[in-house]
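Structure file target.txt with compact mmCIF, C-alpha atoms and all ligand atoms:
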# COMPACT_ATOMS: atom_id res chain seq x y z
CA MET A 1163 0.00 0.00 0.00
CA SER A 1164 1.72 3.12 -1.18
CA THR A 1165 -0.65 6.09 -1.19
CA SER A 1166 -1.26 8.30 1.84
CA PRO A 1167 -4.43 7.77 3.88
CA VAL A 1168 -7.69 9.52 3.03
CA LYS A 1169 -9.77 10.88 5.90
CA VAL A 1170 -13.45 10.03 5.46
CA ALA A 1171 -16.02 11.38 7.91
CA VAL A 1172 -19.37 9.63 8.27
CA THR A 1173 -22.26 11.03 10.28
CA GLY A 1174 -25.04 8.91 11.75
CA ALA A 1175 -22.45 6.16 11.92
CA ALA A 1176 -24.37 4.04 14.45
CA GLY A 1177 -27.50 4.01 12.29
CA GLN A 1178 -28.85 1.48 9.81
CA ILE A 1179 -27.04 2.83 6.77
CA GLY A 1180 -23.86 3.27 8.81
CA TYR A 1181 -23.91 -0.41 9.71
CA SER A 1182 -23.57 -1.33 6.06
CA LEU A 1183 -21.58 1.66 4.85
CA LEU A 1184 -18.69 1.53 7.32
CA PHE A 1185 -17.69 -2.03 6.50
CA ARG A 1186 -17.75 -1.36 2.76
CA LEU A 1187 -15.66 1.81 3.24
CA ALA A 1188 -13.19 0.04 5.52
CA SER A 1189 -12.74 -2.90 3.14
CA GLY A 1190 -11.76 -0.73 0.19
CA SER A 1191 -15.00 -0.42 -1.83
CA LEU A 1192 -14.55 3.34 -2.11
CA LEU A 1193 -10.80 3.92 -2.42
CA GLY A 1194 -9.60 0.55 -3.67
CA PRO A 1195 -7.13 -1.92 -2.16
CA ASP A 1196 -4.10 0.39 -2.22
CA THR A 1197 -5.37 3.43 -0.35
CA PRO A 1198 -5.64 3.36 3.44
CA ILE A 1199 -8.74 4.96 4.92
CA GLN A 1200 -9.05 6.85 8.20
CA LEU A 1201 -12.66 6.77 9.41
CA ARG A 1202 -13.97 9.69 11.48
CA LEU A 1203 -17.38 8.78 12.84
CA LEU A 1204 -19.87 11.30 14.18
CA GLU A 1205 -22.88 10.44 16.32
CA ILE A 1206 -25.10 12.09 18.89
CA THR A 1207 -23.92 11.46 22.47
CA PRO A 1208 -26.52 8.79 23.37
CA ALA A 1209 -25.51 6.71 20.33
CA LEU A 1210 -21.78 6.68 21.09
CA LYS A 1211 -21.93 3.47 23.10
CA ALA A 1212 -23.61 1.62 20.22
CA LEU A 1213 -21.00 3.13 17.91
CA GLU A 1214 -18.24 1.72 20.13
CA GLY A 1215 -19.74 -1.71 19.45
CA VAL A 1216 -19.63 -1.10 15.70
CA VAL A 1217 -15.99 -0.07 15.99
CA MET A 1218 -15.24 -3.31 17.87
CA GLU A 1219 -16.69 -5.17 14.88
CA LEU A 1220 -14.66 -3.08 12.44
CA ASP A 1221 -11.55 -4.04 14.44
CA ASP A 1222 -12.57 -7.67 14.31
CA CYS A 1223 -12.65 -7.62 10.50
CA ALA A 1224 -8.89 -6.83 10.42
CA PHE A 1225 -9.30 -4.94 7.15
CA PRO A 1226 -5.83 -4.22 5.68
CA THR A 1227 -7.10 -0.91 4.24
CA LEU A 1228 -8.46 0.44 7.55
CA ASP A 1229 -5.76 2.75 8.94
CA SER A 1230 -7.63 4.19 11.94
CA VAL A 1231 -11.07 4.92 13.40
CA GLU A 1232 -12.02 7.85 15.57
CA ILE A 1233 -15.48 8.44 17.01
CA GLY A 1234 -17.10 11.42 18.71
CA ASP A 1235 -20.08 13.74 19.09
CA ASP A 1236 -18.31 17.01 18.21
CA PRO A 1237 -18.44 17.84 14.49
CA ASN A 1238 -15.56 20.31 14.86
CA HIS A 1239 -13.34 17.49 16.03
CA ILE A 1240 -14.61 14.71 13.76
CA PHE A 1241 -14.54 16.81 10.56
CA ASP A 1242 -11.05 18.16 11.32
CA GLY A 1243 -8.93 17.62 8.18
CA ALA A 1244 -11.60 15.46 6.50
CA ASN A 1245 -11.16 14.96 2.74
CA LEU A 1246 -14.61 13.47 2.25
CA ALA A 1247 -17.69 13.83 4.44
CA LEU A 1248 -20.64 11.50 3.99
CA LEU A 1249 -23.55 13.14 5.81
CA VAL A 1250 -25.90 10.29 6.55
CA GLY A 1251 -27.04 11.12 10.08
CA ALA A 1252 -30.63 12.33 10.15
CA ARG A 1253 -33.96 10.98 11.23
CA PRO A 1254 -35.49 8.70 8.56
CA ARG A 1255 -39.18 9.00 7.66
CA THR A 1256 -41.60 6.36 8.80
CA LYS A 1257 -44.76 4.99 7.16
CA GLY A 1258 -47.03 7.69 5.76
CA MET A 1259 -44.47 10.51 5.92
CA GLU A 1260 -43.02 12.31 2.90
CA ARG A 1261 -39.32 13.15 2.99
CA GLY A 1262 -40.22 16.84 3.05
CA ASP A 1263 -41.86 16.30 6.45
CA LEU A 1264 -38.34 15.97 7.84
CA LEU A 1265 -37.24 19.46 6.80
CA GLU A 1266 -37.43 21.08 10.18
CA ALA A 1267 -36.32 18.04 12.24
CA ASN A 1268 -33.22 17.46 10.14
CA GLY A 1269 -32.47 20.98 8.94
CA ALA A 1270 -30.81 22.02 12.18
CA ILE A 1271 -28.32 19.16 11.93
CA PHE A 1272 -27.09 20.39 8.56
CA THR A 1273 -26.75 24.00 9.70
CA ALA A 1274 -24.36 22.94 12.47
CA GLN A 1275 -22.48 20.49 10.30
CA GLY A 1276 -22.10 22.98 7.44
CA LYS A 1277 -20.57 25.46 9.88
CA ALA A 1278 -18.20 22.86 11.31
CA LEU A 1279 -17.07 21.70 7.85
CA ASN A 1280 -16.46 25.33 6.94
CA GLU A 1281 -14.17 25.69 9.94
CA VAL A 1282 -12.13 22.52 10.00
CA ALA A 1283 -12.38 20.35 6.86
CA ALA A 1284 -9.40 19.88 4.53
CA ASP A 1285 -9.07 22.20 1.55
CA ASP A 1286 -9.98 19.38 -0.83
CA ILE A 1287 -13.17 18.42 1.08
CA ARG A 1288 -16.02 16.80 -0.89
CA ILE A 1289 -19.41 16.46 0.81
CA GLY A 1290 -22.09 13.93 -0.09
CA VAL A 1291 -25.46 14.19 1.64
CA THR A 1292 -27.55 11.04 2.07
CA GLY A 1293 -29.71 12.12 5.05
CA ASN A 1294 -33.20 13.23 4.00
CA PRO A 1295 -34.49 15.49 2.61
CA ALA A 1296 -31.12 15.11 0.94
CA ASN A 1297 -31.22 17.90 -1.66
CA THR A 1298 -32.34 20.58 0.75
CA ASN A 1299 -30.07 19.34 3.54
CA ALA A 1300 -27.17 19.74 1.11
CA LEU A 1301 -28.40 23.25 0.32
CA ILE A 1302 -28.49 24.08 4.05
CA ALA A 1303 -24.97 22.72 4.61
CA MET A 1304 -23.69 24.59 1.54
CA LYS A 1305 -25.21 27.90 2.63
CA ASN A 1306 -23.69 27.50 6.08
CA ALA A 1307 -20.22 26.87 4.67
CA PRO A 1308 -19.43 30.01 2.70
CA ASN A 1309 -15.70 29.25 2.44
CA ILE A 1310 -16.20 25.88 0.77
CA PRO A 1311 -16.85 26.09 -2.98
CA ALA A 1312 -20.50 25.28 -3.78
CA ASP A 1313 -19.51 22.54 -6.21
CA ARG A 1314 -18.16 20.46 -3.31
CA PHE A 1315 -21.70 19.76 -2.06
CA THR A 1316 -23.79 17.00 -3.62
CA ALA A 1317 -26.88 15.06 -2.58
CA LEU A 1318 -27.60 11.43 -3.25
CA THR A 1319 -29.83 10.50 -6.17
CA ARG A 1320 -27.64 7.56 -7.12
CA LEU A 1321 -29.97 5.17 -5.34
CA ASP A 1322 -32.80 6.35 -7.59
CA HIS A 1323 -30.46 6.04 -10.60
CA ASN A 1324 -29.59 2.45 -9.63
CA ARG A 1325 -33.25 1.64 -9.01
CA ALA A 1326 -34.14 2.98 -12.46
CA ILE A 1327 -31.43 0.86 -14.12
CA SER A 1328 -32.64 -2.22 -12.29
CA GLN A 1329 -36.31 -1.66 -13.29
CA LEU A 1330 -35.34 -1.08 -16.93
CA ALA A 1331 -33.16 -4.20 -16.96
CA ALA A 1332 -36.04 -6.27 -15.55
CA LYS A 1333 -38.49 -4.91 -18.15
CA THR A 1334 -36.23 -5.47 -21.17
CA GLY A 1335 -34.24 -8.52 -20.10
CA ALA A 1336 -31.03 -6.50 -20.56
CA LYS A 1337 -28.09 -6.81 -18.22
CA VAL A 1338 -27.63 -3.83 -15.89
CA SER A 1339 -24.14 -3.47 -17.33
CA ASP A 1340 -25.65 -2.91 -20.82
CA ILE A 1341 -27.62 0.14 -19.59
CA SER A 1342 -26.01 3.55 -19.77
CA LYS A 1343 -26.95 7.24 -19.68
CA MET A 1344 -29.75 6.87 -17.13
CA THR A 1345 -30.85 10.20 -15.65
CA ILE A 1346 -32.67 11.22 -12.49
CA TRP A 1347 -33.80 14.84 -12.61
CA GLY A 1348 -34.85 17.01 -9.68
CA ASN A 1349 -35.49 16.08 -6.08
CA HIS A 1350 -34.85 12.82 -4.22
CA SER A 1351 -38.57 12.59 -3.56
CA ALA A 1352 -41.74 11.26 -5.14
CA THR A 1353 -41.58 14.13 -7.67
CA GLN A 1354 -38.23 13.01 -9.09
CA TYR A 1355 -38.14 12.28 -12.81
CA PRO A 1356 -36.34 9.13 -13.91
CA ASP A 1357 -35.70 9.73 -17.62
CA ILE A 1358 -35.06 6.87 -20.03
CA PHE A 1359 -35.45 8.96 -23.17
CA HIS A 1360 -31.69 9.55 -23.24
CA ALA A 1361 -30.74 6.20 -21.75
CA GLU A 1362 -29.25 3.46 -23.89
CA ILE A 1363 -29.41 -0.32 -23.82
CA ALA A 1364 -26.35 -1.77 -25.53
CA GLY A 1365 -26.12 1.47 -27.53
CA ARG A 1366 -29.82 1.60 -28.57
CA ASN A 1367 -32.23 4.22 -27.27
CA ALA A 1368 -33.89 2.72 -24.18
CA ALA A 1369 -37.33 4.29 -24.72
CA GLU A 1370 -37.40 2.86 -28.25
CA VAL A 1371 -36.33 -0.57 -27.03
CA VAL A 1372 -39.14 -0.46 -24.42
CA GLY A 1373 -41.62 0.86 -27.00
CA ASP A 1374 -44.33 1.22 -24.38
CA GLN A 1375 -45.13 4.78 -23.30
CA ALA A 1376 -47.87 3.56 -20.93
CA TRP A 1377 -45.31 1.44 -19.05
CA ILE A 1378 -42.95 4.41 -18.80
CA GLU A 1379 -45.67 6.68 -17.47
CA ASN A 1380 -47.75 4.38 -15.31
CA ASP A 1381 -45.25 1.82 -14.15
CA PHE A 1382 -41.59 2.75 -14.48
CA ILE A 1383 -41.69 6.37 -13.27
CA PRO A 1384 -43.93 5.78 -10.21
CA THR A 1385 -42.14 2.55 -9.27
CA VAL A 1386 -38.76 4.29 -9.15
CA ALA A 1387 -40.10 7.47 -7.53
CA LYS A 1388 -41.99 5.58 -4.82
CA ARG A 1389 -39.48 2.79 -4.24
CA GLY A 1390 -38.34 4.29 -0.92
CA ALA A 1391 -41.90 4.19 0.42
CA ALA A 1392 -42.41 0.63 -0.89
CA ILE A 1393 -39.32 -0.50 1.02
CA ILE A 1394 -40.49 1.22 4.20
CA GLU A 1395 -43.86 -0.53 3.79
CA ALA A 1396 -42.25 -3.94 3.27
CA ARG A 1397 -39.31 -3.76 5.68
CA GLY A 1398 -40.80 -1.51 8.33
CA ALA A 1399 -37.65 0.61 8.00
CA SER A 1400 -36.14 2.67 5.23
CA SER A 1401 -33.64 1.28 2.75
CA ALA A 1402 -30.22 0.82 4.27
CA ALA A 1403 -27.86 -1.56 2.45
CA SER A 1404 -28.91 -0.24 -0.96
CA ALA A 1405 -28.56 3.34 0.30
CA ALA A 1406 -25.08 2.57 1.62
CA SER A 1407 -24.14 0.95 -1.68
CA ALA A 1408 -25.38 3.97 -3.65
CA THR A 1409 -23.55 6.34 -1.28
CA ILE A 1410 -20.33 4.50 -2.13
CA ASP A 1411 -21.09 4.38 -5.87
CA ALA A 1412 -21.67 8.13 -5.89
CA ALA A 1413 -18.55 9.02 -3.91
CA ARG A 1414 -16.35 6.59 -5.84
CA ASP A 1415 -17.43 7.95 -9.20
CA TRP A 1416 -17.05 11.53 -7.99
CA LEU A 1417 -13.48 10.94 -6.82
CA GLN A 1418 -12.38 8.50 -9.51
CA GLY A 1419 -14.49 9.50 -12.50
CA SER A 1420 -17.58 8.27 -14.33
CA ALA A 1421 -17.15 5.64 -17.04
CA GLU A 1422 -16.16 6.78 -20.53
CA GLY A 1423 -19.26 7.27 -22.69
CA ASP A 1424 -21.62 7.19 -19.71
CA TRP A 1425 -22.85 9.56 -17.03
CA VAL A 1426 -24.27 9.35 -13.51
CA SER A 1427 -27.07 11.15 -11.66
CA MET A 1428 -26.01 13.48 -8.87
CA ALA A 1429 -27.83 16.33 -7.18
CA VAL A 1430 -25.56 19.37 -7.54
CA ALA A 1431 -25.89 23.15 -7.29
CA SER A 1432 -27.59 24.24 -10.50
CA ASP A 1433 -25.82 26.72 -12.76
CA GLY A 1434 -29.13 27.38 -14.53
CA SER A 1435 -28.75 24.43 -16.92
CA TYR A 1436 -32.00 23.00 -18.28
CA GLY A 1437 -33.94 25.89 -16.76
CA VAL A 1438 -33.27 24.82 -13.17
CA PRO A 1439 -32.87 28.00 -11.07
CA GLU A 1440 -29.28 28.69 -10.14
CA GLY A 1441 -28.24 27.48 -6.70
CA LEU A 1442 -30.93 24.83 -6.17
CA ILE A 1443 -29.42 21.41 -5.45
CA SER A 1444 -31.12 19.42 -8.16
CA SER A 1445 -30.31 16.08 -9.76
CA PHE A 1446 -28.78 16.19 -13.23
CA PRO A 1447 -26.91 13.91 -15.57
CA VAL A 1448 -23.26 14.61 -14.75
CA THR A 1449 -19.86 13.36 -15.79
CA THR A 1450 -17.19 13.28 -13.12
CA LYS A 1451 -13.42 13.31 -13.08
CA ASN A 1452 -10.89 13.68 -10.24
CA GLY A 1453 -13.40 15.07 -7.77
CA ASP A 1454 -15.01 17.50 -10.23
CA TRP A 1455 -18.38 17.18 -11.93
CA GLU A 1456 -19.91 18.71 -15.03
CA ILE A 1457 -23.56 18.77 -16.01
CA VAL A 1458 -24.07 17.00 -19.34
CA GLN A 1459 -25.18 19.68 -21.79
CA GLY A 1460 -27.31 19.71 -24.92
CA LEU A 1461 -29.86 16.99 -24.16
CA GLU A 1462 -33.15 17.57 -25.90
CA ILE A 1463 -36.00 17.90 -23.42
CA ASP A 1464 -39.45 17.26 -24.89
CA GLU A 1465 -42.74 18.46 -23.40
CA PHE A 1466 -43.29 15.27 -21.41
CA SER A 1467 -39.89 15.52 -19.73
CA ARG A 1468 -40.10 19.31 -19.32
CA ALA A 1469 -43.31 19.10 -17.27
CA ARG A 1470 -41.83 16.49 -14.93
CA ILE A 1471 -38.53 18.29 -14.44
CA ASP A 1472 -40.40 21.52 -13.74
CA ALA A 1473 -42.66 19.86 -11.15
CA SER A 1474 -39.74 18.43 -9.19
CA VAL A 1475 -37.77 21.67 -9.39
CA ALA A 1476 -40.83 23.59 -8.15
CA GLU A 1477 -40.84 21.33 -5.09
CA LEU A 1478 -37.14 22.08 -4.51
CA ALA A 1479 -37.86 25.80 -4.67
CA GLU A 1480 -40.67 25.34 -2.10
CA GLU A 1481 -38.31 23.43 0.21
CA ARG A 1482 -35.71 26.17 -0.18
CA ASP A 1483 -38.30 28.81 0.71
CA ALA A 1484 -39.43 26.77 3.73
CA VAL A 1485 -35.92 26.42 5.17
CA SER A 1486 -35.27 30.06 4.42
CA GLN A 1487 -38.35 30.97 6.48
CA LEU A 1488 -37.06 28.73 9.28
CA GLY A 1489 -33.85 30.78 9.23
CA LEU A 1490 -31.72 27.76 8.29
CA ILE A 1491 -30.18 29.39 5.22
N1 LIG A 1501 -30.77 9.77 -0.25
C1 LIG A 1501 -31.12 8.50 -0.19
O1 LIG A 1501 -31.18 7.84 -1.23
C2 LIG A 1501 -31.46 7.85 1.12
C3 LIG A 1501 -31.72 6.46 1.15
C4 LIG A 1501 -32.03 5.87 2.39
C5 LIG A 1501 -32.08 6.63 3.54
N2 LIG A 1501 -31.83 7.96 3.47
C6 LIG A 1501 -31.84 8.81 4.67
O2 LIG A 1501 -30.62 8.61 5.40
C7 LIG A 1501 -30.81 8.99 6.75
C8 LIG A 1501 -30.27 7.91 7.68
O3 LIG A 1501 -31.00 6.73 7.55
P1 LIG A 1501 -30.80 5.49 8.54
O4 LIG A 1501 -31.74 4.45 8.09
O5 LIG A 1501 -29.35 5.17 8.69
O6 LIG A 1501 -31.36 6.13 9.88
P2 LIG A 1501 -31.07 5.68 11.38
O7 LIG A 1501 -32.11 6.32 12.24
O8 LIG A 1501 -30.90 4.19 11.47
O9 LIG A 1501 -29.67 6.34 11.68
C9 LIG A 1501 -29.49 7.70 11.71
C10 LIG A 1501 -28.40 7.98 12.70
O10 LIG A 1501 -28.11 9.36 12.66
C11 LIG A 1501 -27.77 9.75 13.96
N3 LIG A 1501 -27.84 11.19 14.11
C12 LIG A 1501 -28.93 11.97 14.36
N4 LIG A 1501 -28.57 13.25 14.50
C13 LIG A 1501 -27.24 13.29 14.31
C14 LIG A 1501 -26.30 14.34 14.34
N5 LIG A 1501 -26.65 15.61 14.58
N6 LIG A 1501 -25.01 14.04 14.10
C15 LIG A 1501 -24.63 12.76 13.84
N7 LIG A 1501 -25.48 11.72 13.84
C16 LIG A 1501 -26.78 11.99 14.04
C17 LIG A 1501 -28.75 8.97 14.84
O11 LIG A 1501 -28.30 8.88 16.19
C18 LIG A 1501 -28.78 7.62 14.13
O12 LIG A 1501 -27.83 6.72 14.67
C19 LIG A 1501 -32.31 9.24 6.88
O13 LIG A 1501 -32.56 10.62 6.77
C20 LIG A 1501 -32.90 8.51 5.70
O14 LIG A 1501 -34.15 9.01 5.32
C21 LIG A 1501 -31.52 8.58 2.30
O1 LIG A 1502 -37.65 6.83 1.11
C1 LIG A 1502 -37.06 7.14 2.14
O2 LIG A 1502 -37.52 7.88 3.01
C2 LIG A 1502 -35.68 6.56 2.34
C3 LIG A 1502 -34.83 6.81 1.17
O3 LIG A 1502 -34.82 8.14 0.79
C4 LIG A 1502 -35.11 5.91 0.00
O4 LIG A 1502 -35.29 6.41 -1.11
O5 LIG A 1502 -35.15 4.68 0.18

Translate the structure of the given file into structure tokens.
Amino acid sequence: MSTSPVKVAVTGAAGQIGYSLLFRLASGSLLGPDTPIQLRLLEITPALKALEGVVMELDDCAFPTLDSVEIGDDPNHIFDGANLALLVGARPRTKGMERGDLLEANGAIFTAQGKALNEVAADDIRIGVTGNPANTNALIAMKNAPNIPADRFTALTRLDHNRAISQLAAKTGAKVSDISKMTIWGNHSATQYPDIFHAEIAGRNAAEVVGDQAWIENDFIPTVAKRGAAIIEARGASSAASAASATIDAARDWLQGSAEGDWVSMAVASDGSYGVPEGLISSFPVTTKNGDWEIVQGLEIDEFSRARIDASVAELAEERDAVSQLGLI
């Protein structure tokens, strides 16, 4: 192992997602087998004892890539020198709630964590927000960290992206590895728009391969958009292992680059592309390279897609206005 260690902070580390995420991070799923990882784990004080138990299990795995683990309840200490922060810690919704219902409960967490990151994170910090409502939490953290460039904040729509690929593969009999250029637009919420009109299956246009507009409208889009609720209904708890896996996929591609000829979905601060108001953290098709991202330009948006993108973006603007009224940004 030759490269120097990377400091990765994870919040909500004693939670459900944490229990899957930490072991994948420690075993090299994010940085590969040659880069040691230093885990910095943040929890609220009452959860620290449970977190100690998780750290005992991490020790017991004897992962060669795990350089060190530090735990604590002070973001200013845990984020100190962090190169990557995965902000997972937040209350999940339960049956019958929409993710937007969590705005107030979780907003305060991201105000404090944005401020702490602003103070103590490394200059090359990248921040991925998984905790819901992810887009607006990322906006809150970004607005509370004025010294960190806005393009370092992203929110997770990779789980939706992966769900969309999986549904399309099941419908067409294609392998997931044959599907490229999937796009999630907008909010990580029921208004999101999973778009297969630009997606490809083994190089052919996915919507043409499907050839079934009714399936796209009445089956595919709602299944992907409401998958989180379906999992809560079935499991009695929100998705965890798949969310951890998507959190790693998103961070890995951000740091190491998206595949040639493909793109990924990430919620990033809009520059006005595709009519999304500047500054909203909205999901776009992006290519990534060495920790930078770029919104894919020039995609044709027809009326059907336009209406769905606009609806999700309108919800993001409402969430922004709500947290602004709460004084969080
Ligand atoms: N974006 C996505 O695709 C996606 C997918 C699944 C879940 N989620 C969201 O991720 C979040 C976590 O889900 P979970 O199932 O792990 O929940 P969980 O309740 O099991 O764990 C959350 C943890 O966060 C901790 N926490 C709360 N406040 C904190 C703070 N200020 N600092 C540090 N830690 C804090 C809690 O103590 C708890 O251990 C939820 O908001 C959930 O809705 C997002
Ligand atoms: O749906 C939820 O509340 C959890 C998560 O955002 C998901 O999409 O599974």

Using all atoms listed in the file: which of A:Phe1185, A:Phe1272, A:Trp1377, A:Phe1241 has the shortest distance to Cys1223 (chain A)
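Of A:Phe1185, A:Phe1272, A:Trp1377, A:Phe1241, the one nearest Cys1223 (chain A), counting all atoms listed in the file, is A:Phe1185.
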
Option closest in space to Asn1299 (chain A), from A:Asp1322, A:Glu1481, A:Glu1422, A:Glu1465 [counting only C-alpha atoms]:
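Smallest separation from Asn1299 (chain A) among the options: A:Glu1481.
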
Centre, edges in Å (one decimal): axis-aligned box, ligand LIG 1501 (chain A), 5 Å padding on all six sides, as lines of an AutoDock Vina configuration file:
center_x = -29.4
center_y = 9.9
center_z = 7.5
size_x = 19.5
size_y = 21.4
size_z = 27.4

Ile1410 (chain A): which residues within 10 Å, counting only C-alpha atoms, same-chain residues fewer than 2 positions away excluded, as a list in words?
Leu1183, Arg1186, Leu1187, Ser1191, Leu1192, Leu1193, Leu1248, Gly1290, Arg1320, Ser1404, Ala1405, Ala1406, Ser1407, Ala1408, Ala1412, Ala1413, Arg1414, Asp1415 and Trp1416 of chain A

Given all atoms listed in the file as the basis, pick out the residue of A:Gln1418, A:Ser1328, A:Thr1316, A:Thr1409 nearest to Ser1432 (chain A).
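Result for the nearest residue to Ser1432 (chain A): A:Thr1316.
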
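Among all protein and nucleic acid residues, the ones that lie within 6 Å of ligand LIG 1501 (chain A) when counting all atoms listed in the file are Thr1173, Gly1174, Ala1176, Gly1177, Gln1178, Ile1179, Gly1180, Leu1204, Glu1205, Ile1206, Ala1209, Val1250, Gly1251, Ala1252, Arg1253, Pro1254, Arg1255, Ile1271, Thr1292, Gly1293, Asn1294, Ala1296, Leu1318, Thr1319, Leu1321, Ser1400, Ser1401, Ala1402 and Ala1405 of chain A.
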
Contact residues around Asp1464 (chain A) with all atoms listed in the file at 12 Å, ignoring same-chain residues under 5 positions, as a PyMOL selection string
chain A and resi 1357+1359-1360+1436+1469-1472

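CA of Met1344 (chain A) sits 4.8 Å away from CA of Ala1361 (chain A).
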
Give me, as a ChimeraX atom specification, all polymer residues having an atom no more than 10 Å from region 1302-1307 of chain A, counting all atoms listed in the file and skipping those fewer than 3 positions away in the same chain.
/A:1249,1269-1281,1289,1291,1296-1299,1310-1316,1431,1441,1443,1482,1485-1486,1490-1491

Work out how far CA of Gly1453 (chain A) is from CA of Arg1468 (chain A), in Å to one decimal.
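Taking CA of Arg1468 (chain A) as the start and CA of Gly1453 (chain A) as the end point, the length is 29.4 Å.
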
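For the choices A:Ala1479, A:Leu1184, A:Ile1394, A:Val1430, the atom-to-atom distance to ligand LIG 1502 (chain A) is smallest for A:Ile1394 when using all atoms listed in the file.
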
Nearest to Gln1375 (chain A) by atom-to-atom distance, counting all atoms listed in the file, from A:Ala1300, A:Val1426, A:Ala1212, A:Ile1358:
A:Ile1358

At what distance in Å, to one decimal, does CA of Pro1295 (chain A) lie from CA of Asp1381 (chain A)?
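Separating CA of Asp1381 (chain A) from CA of Pro1295 (chain A) is a distance of 24.2 Å.
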
Residues at most 10 Å from region 1228-1235 of chain A, counting all atoms listed in the file, excluding those fewer than 6 positions away in the same chain, as an MDAnalysis selection string?
chainID A and resid 1167:1173 1175 1185 1187:1190 1197:1210 1213:1214 1217 1220:1221

Find the residue from A:Gly1262, A:Gly1390, A:Gly1335, A:Gly1437 that sits nearest to ligand LIG 1502 (chain A); use all atoms listed in the file when measuring.
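Selected residue with least distance to ligand LIG 1502 (chain A): A:Gly1390.
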
Taking 5 positions as the minimum chain separation for residues in the same chain, which residues sit within 8 Å of Ala1284 (chain A) when counting only C-alpha atoms? Answer as number ranges by chain.
A: 1242-1245
